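A quick write-up on the structure given underneath.
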Amino acid sequence: MRATRNTENIMEDIKQYMKGVGQQARAASRIVAQADTNAKNHALENIATAILLNTSKLLTENAKDVSSAKANGLDDASIDRLTLTEKTIKGMAEGLRQIAALADPIGEISDMKYRPSGIQVGKMRVPLGVIGIIYESRPNVTADAAGLCLKSGNAAILRGGSEAHHSNQAIAACVHQGLREAGLPETAVQVVNTTDRAAVGELITMKEYVDVIVPRGGKSLIARISEEAKVPVIKHLDGICHVYIDDEADLKKAIRIADNAKTHRYGVCNAMETLLVNTKVAAQVLPELCGIYTKKGVELRGDDASQRLVAEMKAATEEDWHTEYLAPILSVRIVANLDEAIDHINTYSSQHTDSIVTENYTKAMRFLREVDSASVMVNASTRFADGFEYGLGAEIGISTDKIHARGPVGLEGLTSQKFIVLGNGQIRV
């Protein structure tokens, strides 16, 4: 009985804590929505400076998280995403400064047209309000999300994974310092300070305080949030990305792209998981490319035709075509033509990112039109599917949804539009 009461008390404490976070975020969102561009940019620059000045502290706090994660048996891909370095810390600061340099979307008026009545009708870009971001492992998301939400006039409630608790709180201190120095409320960006999972349950159901949820993490986390949330969700579940090497590809270019798409980093959603090769060039390109993969420790799983060309390749199963490995494992299939490649991608892709390598303009344009993914590329590595690389400064996530936002979600994806009407005394008759 006592244990039940203690549990009930903890749940009630979390409920009240999250309610307070929500109320403060809603109040702060109204202030940030009215903030001018200079104030927001000043805050972003100050946050970037604070992050750089606190590099040693961030590395120290991150080392605590990494040590604990290793002791708890966290997998290598998650450890990779969790680990901060001087380079990634500089990247956080650079991302914030890129956001500051971007045009402020808030208040932008577009599509103004006169109607027969004499009124003008158009649209104005406005903030969404309060954005809840739930993420695992990646502490750099704390800075990216804070910057994007701030520049787009939104308040943010950030709930990082328990494995990155020390790192996230240290970055949050830098964010709050930058907000204070710019005269903006610290509550415009709140990092949930409890690691209890019940806080997530509260956050995704606080319709009166939160306008949208953005989950960033593993498939199980995103599936849970999608099922339980009472607040709209911007999400993607998998990153099953493909590269197709066409029979009219520059093969040197193809090898570089296919190598980079898989081996640049394994535990990221824009890494290639399936390689498709046209049968006419398979014998020329696959042995050399698979030799590169083997030297780098990549396990290869292929169809019958691929196995005949590469003896050490294991047999792929139907499940492999559906799998996001996030590891040094690659599925390989030889296809007859572009039609078969597009059909395979549209059947098995998670609609994240897919690329074709070809020198044939007509085929490239067909691929761009017919592959139904959030990012579709020609002669480029799938690793470019990233807000920073797309010039968004950073990203709050990558959406494979088709409504509101699709692909890397930057400033525009965190805003909406409202209709505005300008009149001169008109009345409807």
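Ligands are numbered from 1 in the order shown, chains are lettered A, B, ... in the order of the structure tokens, and residues start at 1 in each chain.
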For range 243-279 of chain A against range 214-238 of chain A, with a cut-off of 12 Å and counting only C-alpha atoms, what is the closest atom pair and its distance in Å to one decimal for every residue that makes the cut, ordered by chain and number, as CSV?
residue,atom,partner,partner_atom,distance
A:Gly267,CA,A:Gly218,CA,10.8
A:Val268,CA,A:Gly217,CA,10.2
A:Cys269,CA,A:Asp238,CA,7.1
A:Asn270,CA,A:Asp238,CA,9.5
A:Ala271,CA,A:Asp238,CA,11.0
A:Met272,CA,A:Asp238,CA,11.8
A:Glu273,CA,A:Asp238,CA,10.7
Kindly save the residues from that selection, with N, CA, C and O atoms included, as a short mmCIF file (atom, residue, chain, number, x, y, z; two decimals), in the first residue's frame.
data_model
loop_
_atom_site.label_atom_id
_atom_site.label_comp_id
_atom_site.auth_asym_id
_atom_site.auth_seq_id
_atom_site.Cartn_x
_atom_site.Cartn_y
_atom_site.Cartn_z
N GLY A 267 25.44 5.06 -37.80
CA GLY A 267 24.27 5.15 -36.92
C GLY A 267 23.41 6.37 -37.15
O GLY A 267 22.92 6.98 -36.19
N VAL A 268 23.21 6.77 -38.40
CA VAL A 268 22.43 7.97 -38.71
C VAL A 268 21.32 7.62 -39.70
O VAL A 268 21.45 6.68 -40.49
N CYS A 269 20.25 8.39 -39.67
CA CYS A 269 19.06 8.03 -40.45
C CYS A 269 19.26 8.25 -41.94
O CYS A 269 18.48 7.72 -42.75
N ASN A 270 20.27 9.03 -42.35
CA ASN A 270 20.46 9.27 -43.79
C ASN A 270 21.59 8.43 -44.39
O ASN A 270 22.06 8.69 -45.49
N ALA A 271 22.02 7.40 -43.66
CA ALA A 271 23.00 6.46 -44.21
C ALA A 271 22.30 5.48 -45.15
O ALA A 271 21.16 5.05 -44.88
N MET A 272 22.96 5.11 -46.24
CA MET A 272 22.39 4.12 -47.16
C MET A 272 22.29 2.77 -46.48
O MET A 272 23.23 2.32 -45.83
N GLU A 273 21.13 2.12 -46.65
CA GLU A 273 20.94 0.78 -46.12
C GLU A 273 20.82 -0.27 -47.22
O GLU A 273 21.06 -1.46 -46.99
#
Contacts of Gln177 in chain A within 9 Å, only C-alpha atoms, excl. fewer than 3 positions in-chain, as a list in words: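 Using only C-alpha atoms, the neighbours found are Ala43, Asn46, Ile47, Ala50, Ala172, Ala173, Cys174, Arg180, Glu181, Ala182 and Glu186 of chain A.
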Residues just named, written with N, CA, C and O atoms as a JSON list (two decimals), in the first residue's frame:
[["chain", "number", "residue", "atom", "x", "y", "z"],
["A", 43, "ALA", "N", 20.22, 36.79, -29.18],
["A", 43, "ALA", "CA", 20.20, 35.62, -28.30],
["A", 43, "ALA", "C", 20.94, 34.45, -28.93],
["A", 43, "ALA", "O", 21.71, 33.75, -28.25],
["A", 46, "ASN", "N", 24.66, 34.99, -28.71],
["A", 46, "ASN", "CA", 25.12, 34.84, -27.33],
["A", 46, "ASN", "C", 25.17, 33.38, -26.91],
["A", 46, "ASN", "O", 26.06, 32.95, -26.17],
["A", 47, "ILE", "N", 24.18, 32.60, -27.35],
["A", 47, "ILE", "CA", 24.17, 31.17, -27.03],
["A", 47, "ILE", "C", 25.37, 30.49, -27.67],
["A", 47, "ILE", "O", 26.06, 29.67, -27.04],
["A", 50, "ALA", "N", 28.45, 31.37, -25.70],
["A", 50, "ALA", "CA", 28.47, 30.66, -24.42],
["A", 50, "ALA", "C", 28.87, 29.20, -24.60],
["A", 50, "ALA", "O", 29.61, 28.63, -23.78],
["A", 172, "ALA", "N", 21.80, 23.50, -21.86],
["A", 172, "ALA", "CA", 20.66, 24.34, -21.48],
["A", 172, "ALA", "C", 21.13, 25.58, -20.71],
["A", 172, "ALA", "O", 20.57, 26.67, -20.89],
["A", 173, "ALA", "N", 22.15, 25.42, -19.88],
["A", 173, "ALA", "CA", 22.66, 26.57, -19.13],
["A", 173, "ALA", "C", 23.20, 27.63, -20.08],
["A", 173, "ALA", "O", 23.02, 28.84, -19.86],
["A", 174, "CYS", "N", 23.85, 27.19, -21.16],
["A", 174, "CYS", "CA", 24.36, 28.14, -22.18],
["A", 174, "CYS", "C", 23.20, 28.83, -22.90],
["A", 174, "CYS", "O", 23.25, 30.03, -23.18],
["A", 180, "ARG", "N", 18.93, 35.34, -21.48],
["A", 180, "ARG", "CA", 18.97, 36.42, -20.48],
["A", 180, "ARG", "C", 19.66, 37.65, -21.05],
["A", 180, "ARG", "O", 19.18, 38.78, -20.90],
["A", 181, "GLU", "N", 20.81, 37.43, -21.66],
["A", 181, "GLU", "CA", 21.60, 38.57, -22.17],
["A", 181, "GLU", "C", 20.87, 39.32, -23.28],
["A", 181, "GLU", "O", 21.15, 40.51, -23.52],
["A", 182, "ALA", "N", 19.94, 38.64, -23.96],
["A", 182, "ALA", "CA", 19.17, 39.30, -25.03],
["A", 182, "ALA", "C", 17.84, 39.86, -24.53],
["A", 182, "ALA", "O", 17.07, 40.41, -25.33],
["A", 186, "GLU", "N", 14.02, 33.10, -20.03],
["A", 186, "GLU", "CA", 14.68, 31.80, -20.04],
["A", 186, "GLU", "C", 13.68, 30.68, -20.32],
["A", 186, "GLU", "O", 14.04, 29.64, -20.88]]
Shell around Ala145 in chain A at 9 Å using only C-alpha atoms, local window under 5 positions removed, as a list in words: Ile133, Asn140, Leu150, Ala156, Leu158, Ala394, Glu395, Ile396 and Gly397 of chain A
Residues near range 358-372 of chain A, cut-off 8 Å, only C-alpha atoms, skip fewer than 6 positions along chain, as an MDAnalysis selection string: chainID A and resid 245:250 338 342 345:346 351 378:379
Just-selected residues, all heavy atoms written as a short mmCIF file (atom, residue, chain, number, x, y, z; two decimals), in the first residue's frame:
data_model
loop_
_atom_site.label_atom_id
_atom_site.label_comp_id
_atom_site.auth_asym_id
_atom_site.auth_seq_id
_atom_site.Cartn_x
_atom_site.Cartn_y
_atom_site.Cartn_z
N ILE A 245 22.79 2.68 -58.68
CA ILE A 245 23.83 2.94 -59.68
C ILE A 245 23.30 2.50 -61.04
O ILE A 245 23.09 1.32 -61.29
CB ILE A 245 25.13 2.19 -59.33
CG1 ILE A 245 25.66 2.66 -57.96
CG2 ILE A 245 26.18 2.43 -60.42
CD1 ILE A 245 26.89 1.91 -57.49
N ASP A 246 23.07 3.47 -61.90
CA ASP A 246 22.47 3.24 -63.21
C ASP A 246 23.54 2.72 -64.20
O ASP A 246 24.74 2.88 -63.97
CB ASP A 246 21.88 4.56 -63.72
CG ASP A 246 21.17 4.43 -65.04
OD1 ASP A 246 20.29 3.56 -65.15
OD2 ASP A 246 21.50 5.21 -65.96
N ASP A 247 23.07 2.12 -65.30
CA ASP A 247 24.01 1.62 -66.31
C ASP A 247 24.71 2.76 -67.05
O ASP A 247 25.71 2.54 -67.73
CB ASP A 247 23.31 0.68 -67.31
CG ASP A 247 22.18 1.36 -68.06
OD1 ASP A 247 21.39 2.09 -67.42
OD2 ASP A 247 22.06 1.16 -69.28
N GLU A 248 24.19 3.99 -66.91
CA GLU A 248 24.83 5.15 -67.52
C GLU A 248 25.49 6.05 -66.48
O GLU A 248 25.62 7.26 -66.67
CB GLU A 248 23.82 5.93 -68.36
CG GLU A 248 23.28 5.14 -69.55
CD GLU A 248 22.35 5.94 -70.43
OE1 GLU A 248 22.85 6.82 -71.17
OE2 GLU A 248 21.13 5.68 -70.38
N ALA A 249 25.91 5.43 -65.39
CA ALA A 249 26.60 6.18 -64.33
C ALA A 249 28.08 6.32 -64.65
O ALA A 249 28.67 5.48 -65.34
CB ALA A 249 26.43 5.46 -63.00
N ASP A 250 28.67 7.38 -64.13
CA ASP A 250 30.13 7.50 -64.07
C ASP A 250 30.54 6.60 -62.90
O ASP A 250 30.25 6.90 -61.75
CB ASP A 250 30.52 8.96 -63.82
CG ASP A 250 32.02 9.17 -63.67
OD1 ASP A 250 32.69 8.30 -63.07
OD2 ASP A 250 32.52 10.21 -64.11
N LEU A 338 15.97 0.98 -64.68
CA LEU A 338 15.49 2.06 -63.82
C LEU A 338 14.11 1.75 -63.27
O LEU A 338 13.82 2.03 -62.10
CB LEU A 338 15.48 3.38 -64.60
CG LEU A 338 14.94 4.61 -63.86
CD1 LEU A 338 15.76 4.93 -62.63
CD2 LEU A 338 14.90 5.82 -64.80
N ILE A 342 13.19 1.87 -59.30
CA ILE A 342 12.16 2.74 -58.72
C ILE A 342 11.10 1.90 -58.02
O ILE A 342 10.63 2.25 -56.93
CB ILE A 342 11.54 3.64 -59.81
CG1 ILE A 342 12.58 4.65 -60.30
CG2 ILE A 342 10.29 4.35 -59.29
CD1 ILE A 342 12.12 5.50 -61.48
N ILE A 345 12.48 0.75 -54.68
CA ILE A 345 12.54 1.85 -53.71
C ILE A 345 11.16 2.21 -53.19
O ILE A 345 10.95 2.34 -51.98
CB ILE A 345 13.23 3.08 -54.34
CG1 ILE A 345 14.71 2.78 -54.58
CG2 ILE A 345 13.06 4.32 -53.45
CD1 ILE A 345 15.43 3.82 -55.41
N ASN A 346 10.20 2.36 -54.08
CA ASN A 346 8.86 2.74 -53.64
C ASN A 346 8.17 1.62 -52.86
O ASN A 346 7.21 1.88 -52.12
CB ASN A 346 8.01 3.17 -54.83
CG ASN A 346 8.41 4.56 -55.34
OD1 ASN A 346 9.02 5.34 -54.63
ND2 ASN A 346 8.07 4.85 -56.58
N GLN A 351 10.66 6.36 -47.34
CA GLN A 351 10.36 7.69 -47.87
C GLN A 351 11.20 8.77 -47.19
O GLN A 351 10.76 9.90 -47.01
CB GLN A 351 8.86 8.00 -47.76
CG GLN A 351 8.00 7.00 -48.54
CD GLN A 351 6.53 7.35 -48.50
OE1 GLN A 351 6.01 7.76 -47.47
NE2 GLN A 351 5.86 7.19 -49.62
N VAL A 378 20.27 13.29 -57.09
CA VAL A 378 20.97 12.84 -58.30
C VAL A 378 22.46 13.06 -58.10
O VAL A 378 22.89 14.18 -57.78
CB VAL A 378 20.48 13.60 -59.54
CG1 VAL A 378 21.28 13.19 -60.78
CG2 VAL A 378 18.99 13.38 -59.78
N ASN A 379 23.24 12.00 -58.23
CA ASN A 379 24.70 12.07 -58.16
C ASN A 379 25.21 12.72 -56.88
O ASN A 379 26.11 13.57 -56.90
CB ASN A 379 25.25 12.83 -59.39
CG ASN A 379 25.02 12.07 -60.68
OD1 ASN A 379 24.94 10.84 -60.68
ND2 ASN A 379 24.89 12.79 -61.78
#
Those in range 302-331 of chain A with strand (DSSP E) from DSSP, as a list in words: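 Result set for range 302-331 of chain A (strand (DSSP E)): Gly302, Lys314, Ala315, Ile329, Leu330 and Ser331 of chain A.
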Test item: residues at most 8 Å from range 318-330 of chain A, only C-alpha atoms, excluding those fewer than 2 positions along its chain, as a list in words: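 Near range 318-330 of chain A, the qualifying residues are Ala77, Asp238, Gly239, Ile240, Lys262, Thr263, Tyr266, Gly267, Val268, Cys269, Ala271, Met272, Glu273, Thr274, Leu275, Gly297, Val298, Glu299, Leu300, Arg301, Ala316, Val332, Tyr348 and Ser349 of chain A.
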If you run DSSP on this backbone, which residues of range 130-330 of chain A come out as alpha helix (DSSP H), and could you give them as a PDB file with C-alpha atoms, in the first residue's frame?
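The resulting states32.pdb:
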ATOM      1  CA  ASN A 140      23.513  18.627 -30.010  1.00  0.00           C
ATOM      2  CA  VAL A 141      19.743  18.531 -30.604  1.00  0.00           C
ATOM      3  CA  THR A 142      19.370  20.684 -27.489  1.00  0.00           C
ATOM      4  CA  ALA A 143      21.200  23.564 -29.177  1.00  0.00           C
ATOM      5  CA  ASP A 144      19.736  22.977 -32.645  1.00  0.00           C
ATOM      6  CA  ALA A 145      16.163  22.796 -31.388  1.00  0.00           C
ATOM      7  CA  ALA A 146      16.562  25.824 -29.129  1.00  0.00           C
ATOM      8  CA  GLY A 147      17.951  27.883 -32.005  1.00  0.00           C
ATOM      9  CA  LEU A 148      15.351  26.896 -34.573  1.00  0.00           C
ATOM     10  CA  CYS A 149      12.424  27.348 -32.202  1.00  0.00           C
ATOM     11  CA  LEU A 150      13.710  30.725 -31.037  1.00  0.00           C
ATOM     12  CA  LYS A 151      14.311  32.124 -34.544  1.00  0.00           C
ATOM     13  CA  HIS A 165      21.118  14.189 -19.006  1.00  0.00           C
ATOM     14  CA  HIS A 166      24.368  15.879 -17.906  1.00  0.00           C
ATOM     15  CA  SER A 167      25.180  17.063 -21.435  1.00  0.00           C
ATOM     16  CA  ASN A 168      21.709  18.462 -22.044  1.00  0.00           C
ATOM     17  CA  GLN A 169      21.606  20.378 -18.782  1.00  0.00           C
ATOM     18  CA  ALA A 170      25.031  21.907 -19.483  1.00  0.00           C
ATOM     19  CA  ILE A 171      23.928  23.033 -22.956  1.00  0.00           C
ATOM     20  CA  ALA A 172      20.662  24.336 -21.479  1.00  0.00           C
ATOM     21  CA  ALA A 173      22.662  26.572 -19.126  1.00  0.00           C
ATOM     22  CA  CYS A 174      24.357  28.137 -22.176  1.00  0.00           C
ATOM     23  CA  VAL A 175      20.973  28.617 -23.860  1.00  0.00           C
ATOM     24  CA  HIS A 176      19.524  30.330 -20.791  1.00  0.00           C
ATOM     25  CA  GLN A 177      22.548  32.610 -20.521  1.00  0.00           C
ATOM     26  CA  GLY A 178      22.086  33.720 -24.123  1.00  0.00           C
ATOM     27  CA  LEU A 179      18.364  34.363 -23.633  1.00  0.00           C
ATOM     28  CA  ARG A 180      18.972  36.423 -20.484  1.00  0.00           C
ATOM     29  CA  GLU A 181      21.602  38.566 -22.175  1.00  0.00           C
ATOM     30  CA  ALA A 198       6.220   9.672 -17.157  1.00  0.00           C
ATOM     31  CA  ALA A 199       7.243  13.205 -18.128  1.00  0.00           C
ATOM     32  CA  VAL A 200       7.040  12.177 -21.791  1.00  0.00           C
ATOM     33  CA  GLY A 201       3.509  10.883 -21.270  1.00  0.00           C
ATOM     34  CA  GLU A 202       2.490  14.224 -19.826  1.00  0.00           C
ATOM     35  CA  LEU A 203       4.223  16.294 -22.512  1.00  0.00           C
ATOM     36  CA  LYS A 219      11.568   3.472 -33.923  1.00  0.00           C
ATOM     37  CA  SER A 220      10.037   2.302 -30.631  1.00  0.00           C
ATOM     38  CA  LEU A 221      10.093   5.829 -29.169  1.00  0.00           C
ATOM     39  CA  ILE A 222       8.524   7.395 -32.244  1.00  0.00           C
ATOM     40  CA  ALA A 223       5.915   4.635 -32.537  1.00  0.00           C
ATOM     41  CA  ARG A 224       4.949   5.102 -28.892  1.00  0.00           C
ATOM     42  CA  ILE A 225       4.604   8.856 -29.241  1.00  0.00           C
ATOM     43  CA  SER A 226       2.617   8.541 -32.467  1.00  0.00           C
ATOM     44  CA  GLU A 227       0.192   6.150 -30.796  1.00  0.00           C
ATOM     45  CA  GLU A 228      -0.222   7.969 -27.477  1.00  0.00           C
ATOM     46  CA  LEU A 251      31.451   4.487 -62.164  1.00  0.00           C
ATOM     47  CA  LYS A 252      34.233   6.333 -60.346  1.00  0.00           C
ATOM     48  CA  LYS A 253      31.649   8.823 -59.158  1.00  0.00           C
ATOM     49  CA  ALA A 254      29.293   5.970 -58.246  1.00  0.00           C
ATOM     50  CA  ILE A 255      31.899   4.205 -56.097  1.00  0.00           C
ATOM     51  CA  ARG A 256      32.710   7.387 -54.168  1.00  0.00           C
ATOM     52  CA  ILE A 257      29.047   8.150 -53.564  1.00  0.00           C
ATOM     53  CA  ALA A 258      28.058   4.611 -52.552  1.00  0.00           C
ATOM     54  CA  ASP A 259      31.066   4.339 -50.242  1.00  0.00           C
ATOM     55  CA  ASN A 260      30.327   7.663 -48.533  1.00  0.00           C
ATOM     56  CA  ALA A 261      26.582   7.039 -48.268  1.00  0.00           C
ATOM     57  CA  LYS A 262      27.233   3.887 -46.251  1.00  0.00           C
ATOM     58  CA  THR A 263      30.511   4.315 -44.397  1.00  0.00           C
ATOM     59  CA  ALA A 282      27.292  -4.797 -61.804  1.00  0.00           C
ATOM     60  CA  ALA A 283      30.360  -6.844 -62.786  1.00  0.00           C
ATOM     61  CA  GLN A 284      32.386  -3.641 -63.222  1.00  0.00           C
ATOM     62  CA  VAL A 285      31.377  -1.849 -60.053  1.00  0.00           C
ATOM     63  CA  LEU A 286      30.311  -4.360 -57.392  1.00  0.00           C
ATOM     64  CA  PRO A 287      33.558  -6.293 -56.800  1.00  0.00           C
ATOM     65  CA  GLU A 288      35.582  -3.087 -56.358  1.00  0.00           C
ATOM     66  CA  LEU A 289      32.959  -1.388 -54.210  1.00  0.00           C
ATOM     67  CA  CYS A 290      32.376  -4.460 -52.048  1.00  0.00           C
ATOM     68  CA  GLY A 291      36.124  -4.748 -51.576  1.00  0.00           C
ATOM     69  CA  ILE A 292      36.047  -1.266 -50.053  1.00  0.00           C
ATOM     70  CA  TYR A 293      33.142  -2.228 -47.799  1.00  0.00           C
ATOM     71  CA  THR A 294      34.840  -5.430 -46.668  1.00  0.00           C
ATOM     72  CA  LYS A 295      38.043  -3.573 -45.726  1.00  0.00           C
ATOM     73  CA  ASP A 304      21.542 -14.321 -55.822  1.00  0.00           C
ATOM     74  CA  ALA A 305      23.007 -12.235 -58.647  1.00  0.00           C
ATOM     75  CA  SER A 306      25.062 -10.130 -56.231  1.00  0.00           C
ATOM     76  CA  GLN A 307      26.349 -13.215 -54.423  1.00  0.00           C
ATOM     77  CA  ARG A 308      27.592 -14.677 -57.691  1.00  0.00           C
ATOM     78  CA  LEU A 309      29.780 -11.582 -58.167  1.00  0.00           C
ATOM     79  CA  GLU A 318      12.993 -10.315 -47.465  1.00  0.00           C
ATOM     80  CA  GLU A 319      13.396  -8.741 -44.051  1.00  0.00           C
ATOM     81  CA  ASP A 320      16.706  -7.154 -45.066  1.00  0.00           C
ATOM     82  CA  TRP A 321      15.022  -4.959 -47.676  1.00  0.00           C
TER      83      TRP A 321
END
Residue nearest Lys90 in chain A among A:Ala48, A:Ile403, A:Ile109, A:Val191 (counting only C-alpha atoms):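 Among A:Ala48, A:Ile403, A:Ile109, A:Val191, it is A:Ala48 that comes nearest to Lys90 in chain A.
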Proximity to Arg159 in chain A - best of A:Val121, A:Ala315, A:Ile31, A:Met18, only C-alpha atoms: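 Nearest candidate to Arg159 in chain A out of A:Val121, A:Ala315, A:Ile31, A:Met18: A:Met18.
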Please tabulate, as CSV, the residues of range 346-396 of chain A that come within 12 Å of range 96-99 of chain A, each with its closest pair of atoms and the distance in Å to one decimal, counting only C-alpha atoms and ordering rows by chain, then residue number upward.
residue,atom,partner,partner_atom,distance
A:Gly387,CA,A:Ile99,CA,10.6
A:Phe388,CA,A:Gln98,CA,8.5
A:Glu389,CA,A:Gln98,CA,11.1
A:Tyr390,CA,A:Gln98,CA,11.4
A:Gly391,CA,A:Gln98,CA,8.0
A:Leu392,CA,A:Ile99,CA,7.0
A:Gly393,CA,A:Gln98,CA,4.7
A:Ala394,CA,A:Ile99,CA,7.2
A:Glu395,CA,A:Ile99,CA,9.9
A:Ile396,CA,A:Ile99,CA,12.0
May I have the selected residues written with N, CA, C and O atoms, as a CSV table (one decimal), in the first residue's frame?
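again_10.csv was written with the following content:
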chain,number,residue,atom,x,y,z
A,387,GLY,N,19.6,19.2,-42.3
A,387,GLY,CA,19.3,20.6,-42.3
A,387,GLY,C,20.5,21.5,-42.5
A,387,GLY,O,20.4,22.6,-43.2
A,388,PHE,N,21.6,21.2,-41.8
A,388,PHE,CA,22.8,22.0,-42.0
A,388,PHE,C,23.3,22.0,-43.4
A,388,PHE,O,23.6,23.1,-44.0
A,389,GLU,N,23.3,20.9,-44.1
A,389,GLU,CA,23.8,20.8,-45.4
A,389,GLU,C,22.8,21.4,-46.4
A,389,GLU,O,23.2,21.9,-47.5
A,390,TYR,N,21.5,21.5,-46.1
A,390,TYR,CA,20.5,22.1,-46.9
A,390,TYR,C,20.4,23.6,-46.7
A,390,TYR,O,19.6,24.3,-47.4
A,391,GLY,N,21.3,24.2,-45.9
A,391,GLY,CA,21.3,25.6,-45.6
A,391,GLY,C,20.2,26.1,-44.7
A,391,GLY,O,19.9,27.3,-44.7
A,392,LEU,N,19.7,25.2,-43.9
A,392,LEU,CA,18.6,25.5,-42.9
A,392,LEU,C,19.2,26.0,-41.6
A,392,LEU,O,18.5,26.3,-40.7
A,393,GLY,N,20.6,25.9,-41.5
A,393,GLY,CA,21.3,26.3,-40.2
A,393,GLY,C,21.4,25.0,-39.4
A,393,GLY,O,22.4,24.7,-38.8
A,394,ALA,N,20.3,24.4,-39.2
A,394,ALA,CA,20.2,23.1,-38.4
A,394,ALA,C,18.9,22.5,-38.8
A,394,ALA,O,18.1,23.0,-39.6
A,395,GLU,N,18.5,21.5,-38.1
A,395,GLU,CA,17.2,20.9,-38.3
A,395,GLU,C,16.6,20.4,-37.0
A,395,GLU,O,17.3,20.1,-36.1
A,396,ILE,N,15.3,20.5,-36.9
A,396,ILE,CA,14.7,20.0,-35.7
A,396,ILE,C,14.3,18.5,-35.8
A,396,ILE,O,13.9,17.8,-34.9
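When CA of Gly161 in chain A is paired with CA of Arg197 in chain A, their separation reads 9.3 Å.
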Nearest-residue call for Asn62 in chain A, choices A:Arg138, A:His242, A:Lys87, A:Arg428, using only C-alpha atoms: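 For Asn62 in chain A, the nearest of the candidates is A:Arg138.
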For CA of Thr195 in chain A and CA of Ser162 in chain A, the interatomic separation in Å (one decimal):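 Those two atoms sit 5.2 Å apart.
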Residue nearest Asp196 in chain A among A:Lys280, A:Lys314, A:Arg30, A:Lys15 (counting only C-alpha atoms):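 For Asp196 in chain A, the nearest of the candidates is A:Lys15.
Here the question is which of A:Asn424, A:Ser375, A:Ser381, A:Lys19 gets nearest to Arg406 in chain A using only C-alpha atoms, and that residue is A:Ser375.
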Point-to-point distance from CA of Lys113 in chain A to CA of Ile420 in chain A, Å rounded to tenths: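 These two atoms are separated by 10.7 Å.
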